[in-house]
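Q: Okay, so here is run.cif, and as you'll see once you scroll down, it has mmCIF, C-alpha atoms.
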data_target
loop_
_atom_site.label_atom_id
_atom_site.label_comp_id
_atom_site.auth_asym_id
_atom_site.auth_seq_id
_atom_site.Cartn_x
_atom_site.Cartn_y
_atom_site.Cartn_z
CA MET A 540 -4.41 2.54 -6.41
CA GLY A 541 -1.99 3.75 -9.00
CA SER A 542 1.62 2.67 -9.06
CA SER A 543 2.86 5.57 -6.96
CA TRP A 544 5.66 5.43 -4.41
CA ARG A 545 4.30 5.83 -0.95
CA CYS A 546 4.63 4.60 2.57
CA ALA A 547 1.93 2.49 4.17
CA TRP A 548 1.39 0.77 7.51
CA THR A 549 4.25 2.61 9.12
CA ARG A 550 4.43 2.35 12.87
CA TRP A 551 7.67 4.17 13.62
CA SER A 552 8.22 7.57 15.12
CA PRO A 553 11.18 9.52 13.67
CA PRO A 554 13.72 10.91 16.12
CA SER A 555 14.27 14.60 16.65
CA THR A 556 17.12 14.64 14.15
CA ARG A 557 16.11 15.12 10.54
CA SER A 558 16.11 11.78 8.74
CA ALA A 559 17.31 11.19 5.21
CA GLU A 560 14.55 10.94 2.63
CA VAL A 561 13.91 7.82 0.61
CA PRO A 562 12.18 8.18 -2.80
CA GLY A 563 8.43 8.16 -2.57
CA GLY A 564 7.71 9.70 0.78
CA SER A 565 9.29 7.24 3.18
CA SER A 566 12.11 8.11 5.54
CA CYS A 567 15.46 6.52 6.14
CA ALA A 568 16.37 5.99 9.77
CA PRO A 569 19.63 7.62 10.89
CA ALA A 570 22.50 5.72 12.48
CA SER A 571 21.09 6.33 15.94
CA TRP A 572 18.32 3.83 15.14
CA LYS A 573 20.67 0.87 14.74
CA GLU A 574 20.11 -0.14 18.35
CA GLY A 575 16.36 -0.24 17.72
CA PRO A 576 13.59 2.13 16.60
CA PRO A 577 11.38 4.23 18.85
CA ARG A 578 8.24 2.44 19.96
CA ALA A 579 5.67 5.16 19.31
CA TRP A 580 2.78 4.36 17.00
CA VAL A 581 1.30 5.39 13.73
CA SER A 582 -0.34 2.05 13.04
CA ARG A 583 -1.94 0.85 16.25
CA ALA A 584 -0.94 -2.79 16.21
CA ARG A 585 1.70 -3.49 13.57
CA ARG A 586 4.48 -1.64 11.83
CA TRP A 587 4.46 -1.95 8.08
CA ALA A 588 5.89 -0.10 5.10
CA ALA A 589 4.44 -0.91 1.70
CA PHE A 590 6.04 -0.09 -1.63
CA PRO A 591 4.58 -0.97 -5.03
CA VAL A 592 6.52 -3.21 -7.39
CA GLY A 593 5.25 -3.83 -10.90
CA VAL A 594 4.88 -2.76 -14.50
CA PRO A 595 2.11 -0.16 -14.83
CA ARG A 596 0.44 -0.64 -18.20
CA ARG A 597 -2.87 -1.72 -19.75
CA PRO A 598 -2.41 -4.71 -22.07
CA PRO A 599 -4.82 -6.20 -24.60
CA PRO A 600 -7.23 -8.91 -23.33
CA ARG A 601 -5.85 -12.24 -22.12
CA SER A 602 -6.53 -13.84 -25.50
CA ALA A 603 -4.40 -11.33 -27.39
CA PRO A 604 -1.21 -12.77 -28.95
CA ALA A 605 2.15 -11.56 -27.68
CA ALA A 606 2.74 -9.69 -30.94
CA ALA A 607 -0.28 -7.49 -30.22
CA ARG A 608 1.18 -6.27 -26.94
CA PRO A 609 2.79 -2.84 -26.69
CA ALA A 610 6.55 -2.92 -27.13
CA ALA A 611 7.20 -0.06 -24.67
CA LEU A 612 6.02 0.22 -21.09
CA SER A 613 4.42 3.41 -19.85
CA ARG A 614 6.77 3.49 -16.86
CA PRO A 615 9.92 1.59 -15.86
CA VAL A 616 9.76 -1.21 -13.33
CA PRO A 617 10.54 0.21 -9.85
CA PRO A 618 14.05 -1.00 -8.96
CA ALA A 619 14.77 -3.64 -6.37
CA GLY A 620 17.31 -1.13 -5.08
CA LEU A 621 14.51 0.81 -3.37
CA LEU A 622 13.52 -2.22 -1.31
CA GLN A 623 17.13 -2.91 -0.40
CA VAL A 624 17.72 0.68 0.74
CA VAL A 625 14.49 0.79 2.74
CA LYS A 626 15.40 -2.48 4.45
CA GLN A 627 18.77 -1.01 5.39
CA CYS A 628 17.21 2.16 6.75
CA VAL A 629 14.32 0.92 8.88
CA ARG A 630 13.86 -1.81 11.46
CA VAL A 631 10.15 -2.37 10.81
CA PRO A 632 8.62 -5.06 8.57
CA VAL A 633 8.40 -3.96 4.92
CA PHE A 634 5.46 -5.13 2.81
CA VAL A 635 5.77 -4.83 -0.97
CA MET A 636 2.74 -3.99 -3.09
CA ILE A 637 2.41 -6.07 -6.24
CA ARG A 638 0.62 -3.88 -8.78
CA PRO A 639 1.50 -4.35 -12.48
CA ARG A 640 -0.35 -1.20 -13.59
CA GLY A 641 -2.89 1.42 -12.65
CA GLY A 642 -6.55 1.05 -13.50
CA ASP A 643 -8.80 -1.90 -12.69
CA PHE A 644 -7.91 -5.16 -10.96
CA LEU A 645 -8.76 -7.56 -13.79
CA TYR A 646 -5.41 -8.88 -14.96
CA SER A 647 -4.25 -10.53 -18.16
CA ASP A 648 -2.23 -13.73 -18.26
CA ARG A 649 0.89 -11.73 -19.10
CA GLU A 650 0.30 -9.43 -16.16
CA VAL A 651 -0.07 -12.43 -13.89
CA GLU A 652 3.37 -13.58 -15.05
CA VAL A 653 4.73 -10.16 -14.10
CA MET A 654 3.07 -10.28 -10.69
CA LYS A 655 4.52 -13.70 -9.91
CA ALA A 656 7.97 -12.57 -11.01
CA ASP A 657 7.70 -9.43 -8.88
CA ILE A 658 6.68 -11.49 -5.85
CA ARG A 659 9.73 -13.71 -6.25
CA LEU A 660 12.00 -10.68 -6.62
CA ALA A 661 10.48 -9.00 -3.57
CA LYS A 662 11.06 -12.13 -1.49
CA LEU A 663 14.59 -12.45 -2.82
CA HIS A 664 15.41 -8.90 -1.72
CA GLY A 665 14.03 -9.23 1.78
CA ALA A 666 10.35 -8.28 1.73
CA ASP A 667 8.62 -9.17 4.98
CA GLY A 668 5.18 -9.46 3.39
CA LEU A 669 3.23 -8.85 0.19
CA VAL A 670 0.19 -6.77 -0.75
CA PHE A 671 -1.99 -7.42 -3.80
CA GLY A 672 -5.58 -7.71 -4.99
CA ALA A 673 -7.37 -9.22 -7.98
CA LEU A 674 -11.02 -9.28 -9.06
CA THR A 675 -13.14 -11.07 -11.63
CA GLU A 676 -14.99 -9.17 -14.31
CA ASP A 677 -18.21 -9.30 -12.28
CA GLY A 678 -16.66 -7.65 -9.23
CA ARG A 679 -15.88 -10.67 -7.10
CA ILE A 680 -12.59 -11.81 -5.55
CA ASP A 681 -10.61 -13.75 -8.17
CA THR A 682 -10.13 -16.84 -6.00
CA GLU A 683 -8.24 -18.79 -8.65
CA LEU A 684 -5.67 -16.05 -9.23
CA CYS A 685 -5.39 -15.13 -5.55
CA THR A 686 -4.78 -18.76 -4.64
CA ALA A 687 -1.99 -18.97 -7.20
CA LEU A 688 -0.38 -15.71 -6.06
CA LEU A 689 -0.69 -16.64 -2.39
CA ALA A 690 1.18 -19.85 -3.09
CA VAL A 691 4.06 -17.82 -4.52
CA CYS A 692 3.96 -15.39 -1.58
CA ARG A 693 4.14 -17.97 1.18
CA PRO A 694 5.38 -18.29 3.82
CA LEU A 695 5.16 -14.48 4.02
CA PRO A 696 1.96 -12.79 5.28
CA VAL A 697 -0.26 -11.18 2.65
CA THR A 698 -2.65 -8.22 2.64
CA PHE A 699 -5.48 -7.77 0.12
CA HIS A 700 -5.36 -4.11 -0.91
CA ARG A 701 -8.10 -1.63 -1.82
CA ALA A 702 -9.24 -3.66 -4.80
CA PHE A 703 -11.62 -4.76 -2.06
CA ASP A 704 -13.40 -1.41 -2.36
CA MET A 705 -14.45 -2.31 -5.90
CA VAL A 706 -16.19 -5.61 -5.09
CA HIS A 707 -19.86 -6.34 -5.75
CA ASP A 708 -20.63 -7.55 -2.21
CA PRO A 709 -18.07 -6.61 0.49
CA LEU A 710 -19.52 -8.90 3.17
CA VAL A 711 -19.28 -11.93 0.92
CA ALA A 712 -15.86 -10.80 -0.31
CA LEU A 713 -14.58 -10.61 3.28
CA GLU A 714 -15.50 -14.25 3.89
CA THR A 715 -13.75 -15.19 0.66
CA LEU A 716 -10.54 -13.48 1.76
CA ILE A 717 -10.70 -15.23 5.12
CA SER A 718 -11.15 -18.62 3.47
CA LEU A 719 -8.22 -17.92 1.15
CA GLY A 720 -5.95 -17.11 4.09
CA PHE A 721 -5.24 -13.40 3.75
CA GLU A 722 -4.01 -11.87 7.00
CA ARG A 723 -5.28 -8.33 6.30
CA VAL A 724 -7.61 -6.37 4.07
CA LEU A 725 -7.17 -2.68 3.36
CA THR A 726 -10.40 -0.79 2.75
CA SER A 727 -12.05 2.61 2.71
CA GLY A 728 -15.39 0.94 3.36
CA CYS A 729 -16.15 0.85 -0.39
CA ASP A 730 -16.46 4.62 -0.36
CA SER A 731 -14.33 7.55 -1.47
CA SER A 732 -12.61 7.75 1.92
CA ALA A 733 -12.40 5.77 5.15
CA LEU A 734 -14.34 8.46 6.95
CA GLU A 735 -17.25 8.21 4.51
CA GLY A 736 -17.12 4.42 4.59
CA LEU A 737 -16.77 4.24 8.37
CA SER A 738 -20.03 2.39 9.02
CA LEU A 739 -19.12 -0.42 6.63
CA ILE A 740 -15.58 -0.64 8.02
CA LYS A 741 -17.03 -1.14 11.48
CA ARG A 742 -19.44 -3.77 10.17
CA LEU A 743 -16.58 -5.60 8.44
CA ALA A 744 -14.47 -5.55 11.60
CA GLU A 745 -17.37 -6.95 13.61
CA GLN A 746 -17.98 -9.66 11.04
CA ALA A 747 -14.29 -10.56 10.91
CA LYS A 748 -14.16 -11.34 14.65
CA GLY A 749 -10.39 -11.48 14.59
CA ARG A 750 -10.17 -13.91 11.66
CA ILE A 751 -8.65 -11.17 9.47
CA VAL A 752 -7.40 -7.67 10.30
CA VAL A 753 -9.57 -4.97 8.72
CA VAL A 754 -7.32 -1.96 8.03
CA PRO A 755 -9.04 1.39 7.33
CA GLY A 756 -7.31 3.41 4.62
CA GLY A 757 -8.13 6.23 2.27
CA GLY A 758 -7.98 9.92 3.11
CA ILE A 759 -6.88 9.38 6.71
CA THR A 760 -5.22 12.44 8.23
CA GLU A 761 -4.49 13.87 11.64
CA ARG A 762 -7.84 15.68 11.41
CA ASN A 763 -10.01 12.56 11.15
CA LEU A 764 -7.90 9.73 12.58
CA GLN A 765 -9.45 9.77 16.04
CA ARG A 766 -12.98 9.56 14.68
CA ILE A 767 -12.04 6.71 12.33
CA LEU A 768 -10.27 4.63 14.96
CA GLU A 769 -12.99 5.10 17.54
CA GLY A 770 -15.79 4.56 15.03
CA SER A 771 -14.32 1.48 13.36
CA THR A 772 -12.75 -0.29 16.39
CA ALA A 773 -9.80 -0.95 14.07
CA SER A 774 -6.45 -2.03 15.52
CA GLU A 775 -4.45 -0.81 12.52
CA PHE A 776 -4.79 1.90 9.90
CA HIS A 777 -3.17 3.07 6.69
CA CYS A 778 -2.18 6.59 5.70
CA SER A 779 0.53 8.22 3.62
CA ALA A 780 1.36 11.14 5.96
CA ARG A 781 2.86 12.96 3.01
CA SER A 782 3.45 16.56 2.09
CA ALA A 783 4.83 18.28 -0.99
CA ARG A 784 8.40 19.51 -1.05
CA ASP A 785 9.61 21.99 -3.64
CA SER A 786 12.29 20.72 -6.01
CA GLY A 787 15.88 21.88 -5.54
CA MET A 788 16.19 22.60 -9.25
CA LYS A 789 17.21 26.18 -9.98
CA PHE A 790 16.85 25.94 -13.74
CA ARG A 791 13.31 24.97 -14.73
CA ASN A 792 11.96 24.42 -18.21
CA PRO A 793 8.29 25.50 -18.15
CA ASN A 794 7.64 24.08 -21.63
CA VAL A 795 8.17 20.42 -20.82
CA ALA A 796 6.27 18.11 -18.48
CA MET A 797 7.27 14.50 -17.89
CA GLY A 798 4.25 12.21 -17.90
CA ALA A 799 0.55 12.82 -18.44
CA SER A 800 -1.20 16.12 -17.79
CA PHE A 801 -2.70 14.78 -14.54
CA SER A 802 0.70 13.81 -13.12
CA ALA A 803 2.20 15.56 -10.10
CA PRO A 804 3.77 18.97 -10.78
CA GLU A 805 7.21 18.60 -12.33
CA TYR A 806 9.02 20.43 -9.57
CA SER A 807 7.13 19.12 -6.56
CA ILE A 808 8.20 16.01 -4.62
CA LYS A 809 6.02 14.00 -2.22
CA VAL A 810 7.85 13.10 0.99
CA ALA A 811 6.95 11.67 4.38
CA ASP A 812 6.06 14.52 6.74
CA VAL A 813 7.75 14.00 10.11
CA ALA A 814 5.38 16.38 11.88
CA LYS A 815 2.34 14.52 10.54
CA VAL A 816 3.77 11.17 11.61
CA ARG A 817 4.38 12.45 15.14
CA THR A 818 0.87 13.88 15.34
CA LEU A 819 -0.65 10.61 14.13
CA ASN A 820 1.49 8.77 16.68
CA ALA A 821 0.13 10.86 19.49
CA ILE A 822 -3.50 10.51 18.40
CA ALA A 823 -3.29 6.72 18.10
CA LYS A 824 -1.48 6.34 21.43
CA ASN A 825 -4.21 8.31 23.20
CA ILE A 826 -6.93 6.06 21.81
CA LEU A 827 -5.33 2.78 22.85
#
Represent the supplied structure as C-alpha cells.
A:
Amino acid sequence: MGSSWRCAWTRWSPPSTRSAEVPGGSSCAPASWKEGPPRAWVSRARRWAAFPVGVPRRPPPRSAPAAARPAALSRPVPPAGLLQVVKQCVRVPVFVMIRPRGGDFLYSDREVEVMKADIRLAKLHGADGLVFGALTEDGRIDTELCTALLAVCRPLPVTFHRAFDMVHDPLVALETLISLGFERVLTSGCDSSALEGLSLIKRLAEQAKGRIVVVPGGGITERNLQRILEGSTASEFHCSARSARDSGMKFRNPNVAMGASFSAPEYSIKVADVAKVRTLNAIAKNIL
C-alpha cells in the first residue's frame, strides 16, 4: 500500500482507438467518449478509479514536538492537477486514496492533519469518493480516527483500503467497519494475494450480507480473476491491469537512479494495459 500512482476499481472498457495515457497507469478517454463511455465491465458492479493523495513519510511519534520533525519530505505531494485531468478524461466515478506515507497504518497527529487537508482538497477538486484506512497499535480498526475522517469525507462514499489485511481479527474488524458506515472494504483476505486469501474473502462476503461491499484485491490478473470471482461471490474487484512501458529517453545516464534502490527501474513506466482491461472485461461479463 505504498503511495504509488495506480488505477483501481475501473469499470470502463477503452475503445479501439489508442487512448492518451495519464500518469500512473490510468488512461484518458478520447473525445469520442464525450457522449458516454462503453458499458463493458472490469469491476462487476461499480466503476471506480482510485488515486492516492498524501505526503509519504515516516514522522516521529505523536508526542514528538514539531521541531523534531524532518524538514524535507521523501516525496512531493501528488498534485491536484492529476485529479482534475482524470475527471476531465473519464466519465466514471473517481475515488481518491488518502495515504500520507508508505509503511504501517498507525498515524501521528501531524499525519492526521495532512489526511484531513487532503480529503478537503480531493473534495474541492471533484473526487466522487474517498479511500483510506487506519489502525491502532494493537491491530484493530482505529474507530476514533476513522470517525473523524469519515466526518470530513461526507457526504461522499468511503472505502476502507487494505489496511484491513493487517488487522488482528478480520471478522470483528468487518463489523466495526459496518458500524462506522464504510460502504466498501478492499481486502486480499489477510493474505499475500486475493487468490491465497480466497476462503476468508468468501467468509467475509457471507458475513457482510450486503451491509458492506467486500472487494477482493491483491494480485488479481486475467489468469486468476474467474476463480476469484466465482470463489468469493464478490460483486466488485480491484486490480491494476498494468504493464511496463519503456521510456522514450534516448540519452540515459546509467550512473544515477532517482529514489531508493528498490524503486522501479529509472527508464520503465507503469501504464494501464488496454489489452488486459479488455480481457478482464470479458471474463467478468461471462461470470455475471
Q: Which residues are near stretch 658-666 of chain A? Cut-off 6 Å, only C-alpha atoms, ignore same chain within fewer than 3 positions. Put them as a PyMOL selection string.
A: chain A and resi 633-634+655
Q: Store the residues of this selection in a file with C-alpha atoms, as a PDB file, in the frame of the given file.
A:
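Okay, out27.pdb is ready:
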ATOM      1  CA  VAL A 633       8.400  -3.960   4.920  1.00  0.00           C
ATOM      2  CA  PHE A 634       5.460  -5.130   2.810  1.00  0.00           C
ATOM      3  CA  LYS A 655       4.520 -13.700  -9.910  1.00  0.00           C
TER       4      LYS A 655
END
Q: Could you expand the PyMOL selection byres ((chain A and resi 728-740) around 6) into the explicit residues it covers here, written as an mmCIF file with C-alpha atoms, in the frame of the given file?
A:
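Below is the file that was written, expr28.cif:
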data_model
loop_
_atom_site.group_PDB
_atom_site.id
_atom_site.type_symbol
_atom_site.label_atom_id
_atom_site.label_comp_id
_atom_site.auth_asym_id
_atom_site.auth_seq_id
_atom_site.Cartn_x
_atom_site.Cartn_y
_atom_site.Cartn_z
ATOM 1 C CA ASP A 704 -13.400 -1.410 -2.360
ATOM 2 C CA THR A 726 -10.400 -0.790 2.750
ATOM 3 C CA SER A 727 -12.050 2.610 2.710
ATOM 4 C CA LYS A 741 -17.030 -1.140 11.480
ATOM 5 C CA ARG A 742 -19.440 -3.770 10.170
ATOM 6 C CA LEU A 743 -16.580 -5.600 8.440
ATOM 7 C CA PRO A 755 -9.040 1.390 7.330
ATOM 8 C CA GLY A 756 -7.310 3.410 4.620
ATOM 9 C CA GLY A 757 -8.130 6.230 2.270
ATOM 10 C CA GLY A 758 -7.980 9.920 3.110
ATOM 11 C CA SER A 771 -14.320 1.480 13.360
#
Q: Between A:Ala823, A:Leu768, A:Ala702, A:Leu719, which has the minimum distance to A:Cys685 (counting only C-alpha atoms)?
A: A:Leu719
Q: Run through the PyMOL selection byres ((chain A and resi 784) around 8) on the given coordinates and return the selected residues as a list of chain:residue names.
A: A:Ser782, A:Ala783, A:Asp785, A:Ser786, A:Ser807, A:Ile808, A:Lys809, A:Val810
Q: Include C-alpha atoms and write out the residues we just selected as a short mmCIF file (atom, residue, chain, number, x, y, z; two decimals), in the frame of the given file.
A:
data_model
loop_
_atom_site.label_atom_id
_atom_site.label_comp_id
_atom_site.auth_asym_id
_atom_site.auth_seq_id
_atom_site.Cartn_x
_atom_site.Cartn_y
_atom_site.Cartn_z
CA SER A 782 3.45 16.56 2.09
CA ALA A 783 4.83 18.28 -0.99
CA ASP A 785 9.61 21.99 -3.64
CA SER A 786 12.29 20.72 -6.01
CA SER A 807 7.13 19.12 -6.56
CA ILE A 808 8.20 16.01 -4.62
CA LYS A 809 6.02 14.00 -2.22
CA VAL A 810 7.85 13.10 0.99
#
Q: As a check of understanding, name the residues that the PyMOL selection byres ((chain A and resi 697) around 8) selects in the supplied structure, as a compact mmCIF listing (two decimals) with C-alpha atoms, in the coordinates of the input.
A:
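Saved result, selection.txt, follows:
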# COMPACT_ATOMS: atom_id res chain seq x y z
CA GLY A 668 5.18 -9.46 3.39
CA LEU A 669 3.23 -8.85 0.19
CA VAL A 670 0.19 -6.77 -0.75
CA PHE A 671 -1.99 -7.42 -3.80
CA LEU A 689 -0.69 -16.64 -2.39
CA CYS A 692 3.96 -15.39 -1.58
CA LEU A 695 5.16 -14.48 4.02
CA PRO A 696 1.96 -12.79 5.28
CA THR A 698 -2.65 -8.22 2.64
CA PHE A 699 -5.48 -7.77 0.12
CA PHE A 721 -5.24 -13.40 3.75
CA GLU A 722 -4.01 -11.87 7.00
CA ARG A 723 -5.28 -8.33 6.30
Q: To one decimal place in Å, what is the distance between atom CA of A:Cys778 and atom CA of A:Asn820?
A: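 For atom CA of A:Cys778 relative to atom CA of A:Asn820, the distance reads 11.8 Å.
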Q: Need to verify the contact set: A:Phe644, 10 Å, all atoms listed in the file, exclusion of same-chain residues closer than 5 positions in sequence. Can you return it as a list of chain:residue names?
A: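 Result of the neighbour search: A:Met540, A:Arg638, A:Pro639, A:Phe671, A:Gly672, A:Ala673, A:Leu674, A:Thr675, A:Glu676, A:Gly678, A:Ile680, A:Asp681, A:Arg701, A:Ala702, A:Phe703, A:Met705.
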Q: As an exercise, work out the distance from atom CA of A:Gln623 to atom CA of A:Arg640 in Å and give it to one decimal place.
A: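 Calculated distance between atom CA of A:Gln623 and atom CA of A:Arg640 is 22.0 Å.
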Q: Between A:Val651, A:Leu764, A:Leu725, A:Val816, which is the closest to A:Ala744 once you count only C-alpha atoms?
A: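 Using only C-alpha atoms, the shortest distance to A:Ala744 belongs to A:Leu725.
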Q: I'd like the interatomic distance between atom CA of A:Glu745 and atom CA of A:Pro709, to a tenth of an Å.
A: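 Separation between atom CA of A:Glu745 and atom CA of A:Pro709: 13.1 Å.
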Q: Could you work out an axis-aligned bounding box for all listed atoms of stretch 686-697 of chain A, with 4 Å added on each of the six sides, and give its centre and edge lengths in Å to one decimal, as AutoDock Vina command-line options?
A:
--center_x 0.3 --center_y -15.5 --center_z -1.0 --size_x 18.2 --size_y 16.7 --size_z 20.5
Q: A:Leu684, A:Glu805, A:Leu710, A:Ala619: which is nearest A:Ser647, counting only C-alpha atoms?
A: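 So, comparing all the options, the nearest one is A:Leu684.
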Q: With distances taken over all atoms listed in the file, which residue among A:Ala690, A:Val753, A:Ala796, A:Ile759 lies nearest A:Lys815?
A: A:Ile759
Q: I'd like to know which of A:His707, A:Leu713, A:His700, A:Arg750 is closest to A:His777, using all atoms listed in the file.
A: A:His700
Q: Choose the residue, out of A:Ala803, A:Asp667, A:Val752, A:Asp708, that has the smallest atom-to-atom separation from A:Val625; count all atoms listed in the file.
A: A:Asp667
